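Comments concern the structure below.
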Amino acid sequence: MPTISSADGTAIAYESVGDGPPLVLVDGAMCYRAAGPMASLAARLSEHFIVYTYDRRGRGESSDTAPYAVAREVEDLQAVIGQTGGPAFVHGLSSGAALVLAAAAVEPRIVKTSFYEPPFMGEVEDPQRGQEYRAGLVELLSAGRRGDAVAWFMAYVGVPEPVVAGMRGGPGWPGLEAIAPTLAYDAAVMGDGRVPLDRAAQITVPSLVLAGSASPPGLRRAAEALGKALPTAEFRVLDGQTHDVDPDVLAPVLIDFFGV
């Protein structure tokens, strides 16, 4: 698998498929190219774009470099955009959408952005809940309790305890434990959990913010809050979709928005 070197020397694994203007897809928490929705979405978009997917640092076939900083992850995405020959379209899912937001504020080669359910839950929930999650996550990861950190994250996002217990005995759990430290990266990307209004105000490229009608109401309201904060954004709700959005539903929306 090809890699590119980020500004701090981290090797970022990536791949591309299709033909057309470049479109970069950015995963959310606990996802990477071999374990997440972006490969399926890329396949559906590949007739219209050359689609780039990559493993965020610390995941899959990408390396990692300490100490972590959100700015370093922005540089990773900038390195991928550089590989496309830019300018490029960029789509982000969940906390990956928050990373796209951070990058779009500083990277002029991003000419259109789309965001699916960025979880800025600080807009709609008790701030203390987010603080407790971040504190608990740091404690578990510092103690090397990766499995418990994954379970803590899943409980925070609403996965029922019996489902988590069943997953812990499944074949995919070791892969989740392997990338558990990156949960702290996603928490850092989300900041205090509220829409960063100053950052959003800097992003004047055409943008699309999406949510699913069957997602928890808080996620829909968080996405709507980002849509209102971005100067040139359109907010849309996809009927019947959850946070685990169907690529067959999402792909036509992105094709239409990116104008190809």
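Labeling convention for the structure tokens: chains A, B, ... as they appear, residues from 1 per chain, ligands from 1 in order of appearance.
Residues in contact with Ala233 (chain A) at 7 Å, where only C-alpha atoms are counted and same-chain residues fewer than 6 positions away are skipped, are listed as Pro206, Ser207, Leu208, Val209 and Gly227 of chain A.
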Give me, as a Markdown table, each residue of region 68-153 of chain A that comes within 12 Å of region 234-255 of chain A, together with its shortest interatomic pair and the distance in Å at one decimal, counting only C-alpha atoms, with rows ordered by chain and rising residue number.
```
| residue | atom | partner | partner_atom | distance |
| --- | --- | --- | --- | --- |
| A:Phe89 | CA | A:Leu254 | CA | 10.2 |
| A:Val90 | CA | A:Leu254 | CA | 10.3 |
| A:His91 | CA | A:Leu254 | CA | 8.6 |
| A:Gly92 | CA | A:Leu254 | CA | 11.4 |
| A:Leu93 | CA | A:His243 | CA | 8.9 |
| A:Ser94 | CA | A:His243 | CA | 8.0 |
| A:Ser95 | CA | A:His243 | CA | 11.5 |
| A:Lys112 | CA | A:Leu254 | CA | 10.7 |
| A:Thr113 | CA | A:Leu254 | CA | 9.9 |
| A:Ser114 | CA | A:Leu254 | CA | 7.8 |
| A:Phe115 | CA | A:Phe235 | CA | 9.6 |
| A:Tyr116 | CA | A:His243 | CA | 8.2 |
| A:Glu117 | CA | A:His243 | CA | 6.9 |
| A:Pro118 | CA | A:His243 | CA | 9.8 |
| A:Pro119 | CA | A:His243 | CA | 9.9 |
```
### Query
For Glu224 (chain A), which residue among A:Ala105, A:Ala42, A:Met121, A:Ala143 is the nearest when counting only C-alpha atoms?
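Looking only at the distances to Glu224 (chain A), the closest residue turns out to be A:Met121.
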### Task
Find the residues near Ala184 (chain A): any atom within 12 Å, counting only C-alpha atoms, skip ones fewer than 4 places away on the same chain, and give them as a ChimeraX atom specification.
/A:29-30,58,67-70,95,133-142,146,149-150,152-153,179-180,188-191
### Straight-line distance linking CA of Asp76 (chain A) with CA of Tyr54 (chain A), stated in Å to one decimal
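Straight-line distance from CA of Asp76 (chain A) to CA of Tyr54 (chain A) works out to 9.5 Å.
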I'd like the contact shell of Gln83 (chain A) - 12 Å cut-off, only C-alpha atoms, skipping same-chain residues fewer than 6 positions apart - returned as a PDB file with N, CA and C atoms, in the first residue's frame.
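Output (around_25.pdb):
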```pdb
ATOM      1  N   PRO A   2       0.632   2.207  -0.897  1.00  0.00           N
ATOM      2  CA  PRO A   2       1.481   3.400  -0.942  1.00  0.00           C
ATOM      3  C   PRO A   2       1.314   4.245   0.314  1.00  0.00           C
ATOM      4  N   THR A   3       2.356   4.956   0.667  1.00  0.00           N
ATOM      5  CA  THR A   3       2.307   5.887   1.792  1.00  0.00           C
ATOM      6  C   THR A   3       2.889   7.221   1.352  1.00  0.00           C
ATOM      7  N   ILE A   4       2.493   8.258   2.067  1.00  0.00           N
ATOM      8  CA  ILE A   4       3.078   9.574   1.900  1.00  0.00           C
ATOM      9  C   ILE A   4       3.565  10.029   3.266  1.00  0.00           C
ATOM     10  N   SER A   5       4.514  10.918   3.281  1.00  0.00           N
ATOM     11  CA  SER A   5       5.081  11.400   4.538  1.00  0.00           C
ATOM     12  C   SER A   5       4.417  12.707   4.930  1.00  0.00           C
ATOM     13  N   SER A   6       3.844  12.728   6.127  1.00  0.00           N
ATOM     14  CA  SER A   6       3.286  13.964   6.653  1.00  0.00           C
ATOM     15  C   SER A   6       4.416  14.887   7.097  1.00  0.00           C
ATOM     16  N   ILE A  12       1.611   8.010   6.132  1.00  0.00           N
ATOM     17  CA  ILE A  12       0.164   7.926   5.987  1.00  0.00           C
ATOM     18  C   ILE A  12      -0.161   7.030   4.791  1.00  0.00           C
ATOM     19  N   ALA A  13      -0.800   5.900   5.076  1.00  0.00           N
ATOM     20  CA  ALA A  13      -1.188   4.963   4.021  1.00  0.00           C
ATOM     21  C   ALA A  13      -2.464   5.445   3.344  1.00  0.00           C
ATOM     22  N   TYR A  14      -2.494   5.338   2.026  1.00  0.00           N
ATOM     23  CA  TYR A  14      -3.653   5.821   1.287  1.00  0.00           C
ATOM     24  C   TYR A  14      -3.847   4.959   0.048  1.00  0.00           C
ATOM     25  N   GLU A  15      -5.000   5.099  -0.570  1.00  0.00           N
ATOM     26  CA  GLU A  15      -5.245   4.497  -1.874  1.00  0.00           C
ATOM     27  C   GLU A  15      -6.247   5.349  -2.620  1.00  0.00           C
ATOM     28  N   SER A  16      -6.325   5.151  -3.913  1.00  0.00           N
ATOM     29  CA  SER A  16      -7.260   5.913  -4.730  1.00  0.00           C
ATOM     30  C   SER A  16      -7.931   4.987  -5.720  1.00  0.00           C
ATOM     31  N   PRO A  22     -10.556  15.134  -7.868  1.00  0.00           N
ATOM     32  CA  PRO A  22     -10.237  14.421  -6.634  1.00  0.00           C
ATOM     33  C   PRO A  22     -11.211  14.715  -5.496  1.00  0.00           C
ATOM     34  N   LEU A  23     -11.549  13.657  -4.783  1.00  0.00           N
ATOM     35  CA  LEU A  23     -12.407  13.727  -3.602  1.00  0.00           C
ATOM     36  C   LEU A  23     -11.760  12.894  -2.513  1.00  0.00           C
ATOM     37  N   VAL A  24     -11.486  13.506  -1.360  1.00  0.00           N
ATOM     38  CA  VAL A  24     -10.855  12.826  -0.235  1.00  0.00           C
ATOM     39  C   VAL A  24     -11.919  12.523   0.822  1.00  0.00           C
ATOM     40  N   ILE A  50     -11.940  10.689  -8.765  1.00  0.00           N
ATOM     41  CA  ILE A  50     -10.864   9.863  -8.254  1.00  0.00           C
ATOM     42  C   ILE A  50     -10.917  10.041  -6.732  1.00  0.00           C
ATOM     43  N   VAL A  51     -11.258   8.961  -6.042  1.00  0.00           N
ATOM     44  CA  VAL A  51     -11.566   9.023  -4.620  1.00  0.00           C
ATOM     45  C   VAL A  51     -10.371   8.532  -3.811  1.00  0.00           C
ATOM     46  N   TYR A  52      -9.938   9.350  -2.877  1.00  0.00           N
ATOM     47  CA  TYR A  52      -8.806   9.021  -2.008  1.00  0.00           C
ATOM     48  C   TYR A  52      -9.328   8.670  -0.618  1.00  0.00           C
ATOM     49  N   THR A  53      -8.929   7.503  -0.133  1.00  0.00           N
ATOM     50  CA  THR A  53      -9.161   7.130   1.257  1.00  0.00           C
ATOM     51  C   THR A  53      -7.807   6.925   1.915  1.00  0.00           C
ATOM     52  N   TYR A  54      -7.743   7.152   3.213  1.00  0.00           N
ATOM     53  CA  TYR A  54      -6.460   6.999   3.898  1.00  0.00           C
ATOM     54  C   TYR A  54      -6.693   6.576   5.334  1.00  0.00           C
ATOM     55  N   ASP A  76      -1.641  15.799   8.046  1.00  0.00           N
ATOM     56  CA  ASP A  76      -1.823  14.517   7.362  1.00  0.00           C
ATOM     57  C   ASP A  76      -2.801  14.663   6.207  1.00  0.00           C
ATOM     58  N   LEU A  77      -3.930  15.296   6.479  1.00  0.00           N
ATOM     59  CA  LEU A  77      -4.927  15.506   5.435  1.00  0.00           C
ATOM     60  C   LEU A  77      -4.363  16.405   4.335  1.00  0.00           C
ATOM     61  N   ARG A 109      -6.552  24.636  -0.775  1.00  0.00           N
ATOM     62  CA  ARG A 109      -6.809  23.667  -1.841  1.00  0.00           C
ATOM     63  C   ARG A 109      -8.105  22.881  -1.633  1.00  0.00           C
TER      64      ARG A 109
END
```
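DSSP, applied to the backbone of this structure, assigns strand (DSSP E or B) to the following residues of region 87-237 of chain A: Ala88, Phe89, Val90, His91, Gly92, Leu93, Ile110, Val111, Lys112, Thr113, Ser114, Phe115, Tyr116, Ser207, Leu208, Val209, Leu210, Ala211, Gly212, Ala233, Glu234, Phe235, Arg236 and Val237 of chain A.
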Would you mind exporting C-alpha atoms of the selected residues as a short mmCIF file (atom, residue, chain, number, x, y, z; two decimals), in the first residue's frame?
```cif
data_model
loop_
_atom_site.label_atom_id
_atom_site.label_comp_id
_atom_site.auth_asym_id
_atom_site.auth_seq_id
_atom_site.Cartn_x
_atom_site.Cartn_y
_atom_site.Cartn_z
CA ALA A 88 -9.84 18.79 -3.99
CA PHE A 89 -13.25 18.14 -2.55
CA VAL A 90 -13.30 16.69 0.98
CA HIS A 91 -16.01 14.73 2.81
CA GLY A 92 -15.87 13.85 6.50
CA LEU A 93 -17.87 11.45 8.65
CA ILE A 110 -10.06 22.44 -0.27
CA VAL A 111 -12.68 23.91 -2.59
CA LYS A 112 -15.85 22.16 -1.40
CA THR A 113 -16.65 20.37 1.84
CA SER A 114 -19.33 18.02 3.06
CA PHE A 115 -19.93 16.80 6.59
CA TYR A 116 -22.04 13.89 7.82
CA SER A 207 -20.43 23.25 2.08
CA LEU A 208 -23.06 20.62 2.75
CA VAL A 209 -23.97 19.39 6.23
CA LEU A 210 -25.97 16.17 6.45
CA ALA A 211 -27.79 14.22 9.14
CA GLY A 212 -30.03 11.17 9.20
CA ALA A 233 -23.57 25.81 4.01
CA GLU A 234 -26.71 23.90 3.13
CA PHE A 235 -28.18 21.60 5.80
CA ARG A 236 -30.09 18.50 4.73
CA VAL A 237 -31.64 15.53 6.50
#
```
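We find CA of Ala102 (chain A) and CA of Ser63 (chain A) to be spaced 21.3 Å apart.
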#### Entry: Picked from region 95-233 of chain A by DSSP as alpha helix (DSSP H), as a ChimeraX atom specification
/A:95-104,127-142,146-156,161-168,173-178,182-190,197-201,217-229
### Message
Given only C-alpha atoms as the basis, pick out the residue of A:Val163, A:Met1, A:Val100, A:Val74 nearest to Ser62 (chain A).
### Response
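Looking at the shortest contact to Ser62 (chain A), the residue is A:Met1.
Between CA of Phe49 (chain A) and CA of Gly259 (chain A) there is a distance of 10.5 Å.
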### Task
Counting only C-alpha atoms, figure out which residue out of A:Asp256, A:Glu125, A:Glu47, A:Glu73 gets nearest to Leu101 (chain A).
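Among the listed residues, A:Glu73 lies closest to Leu101 (chain A).
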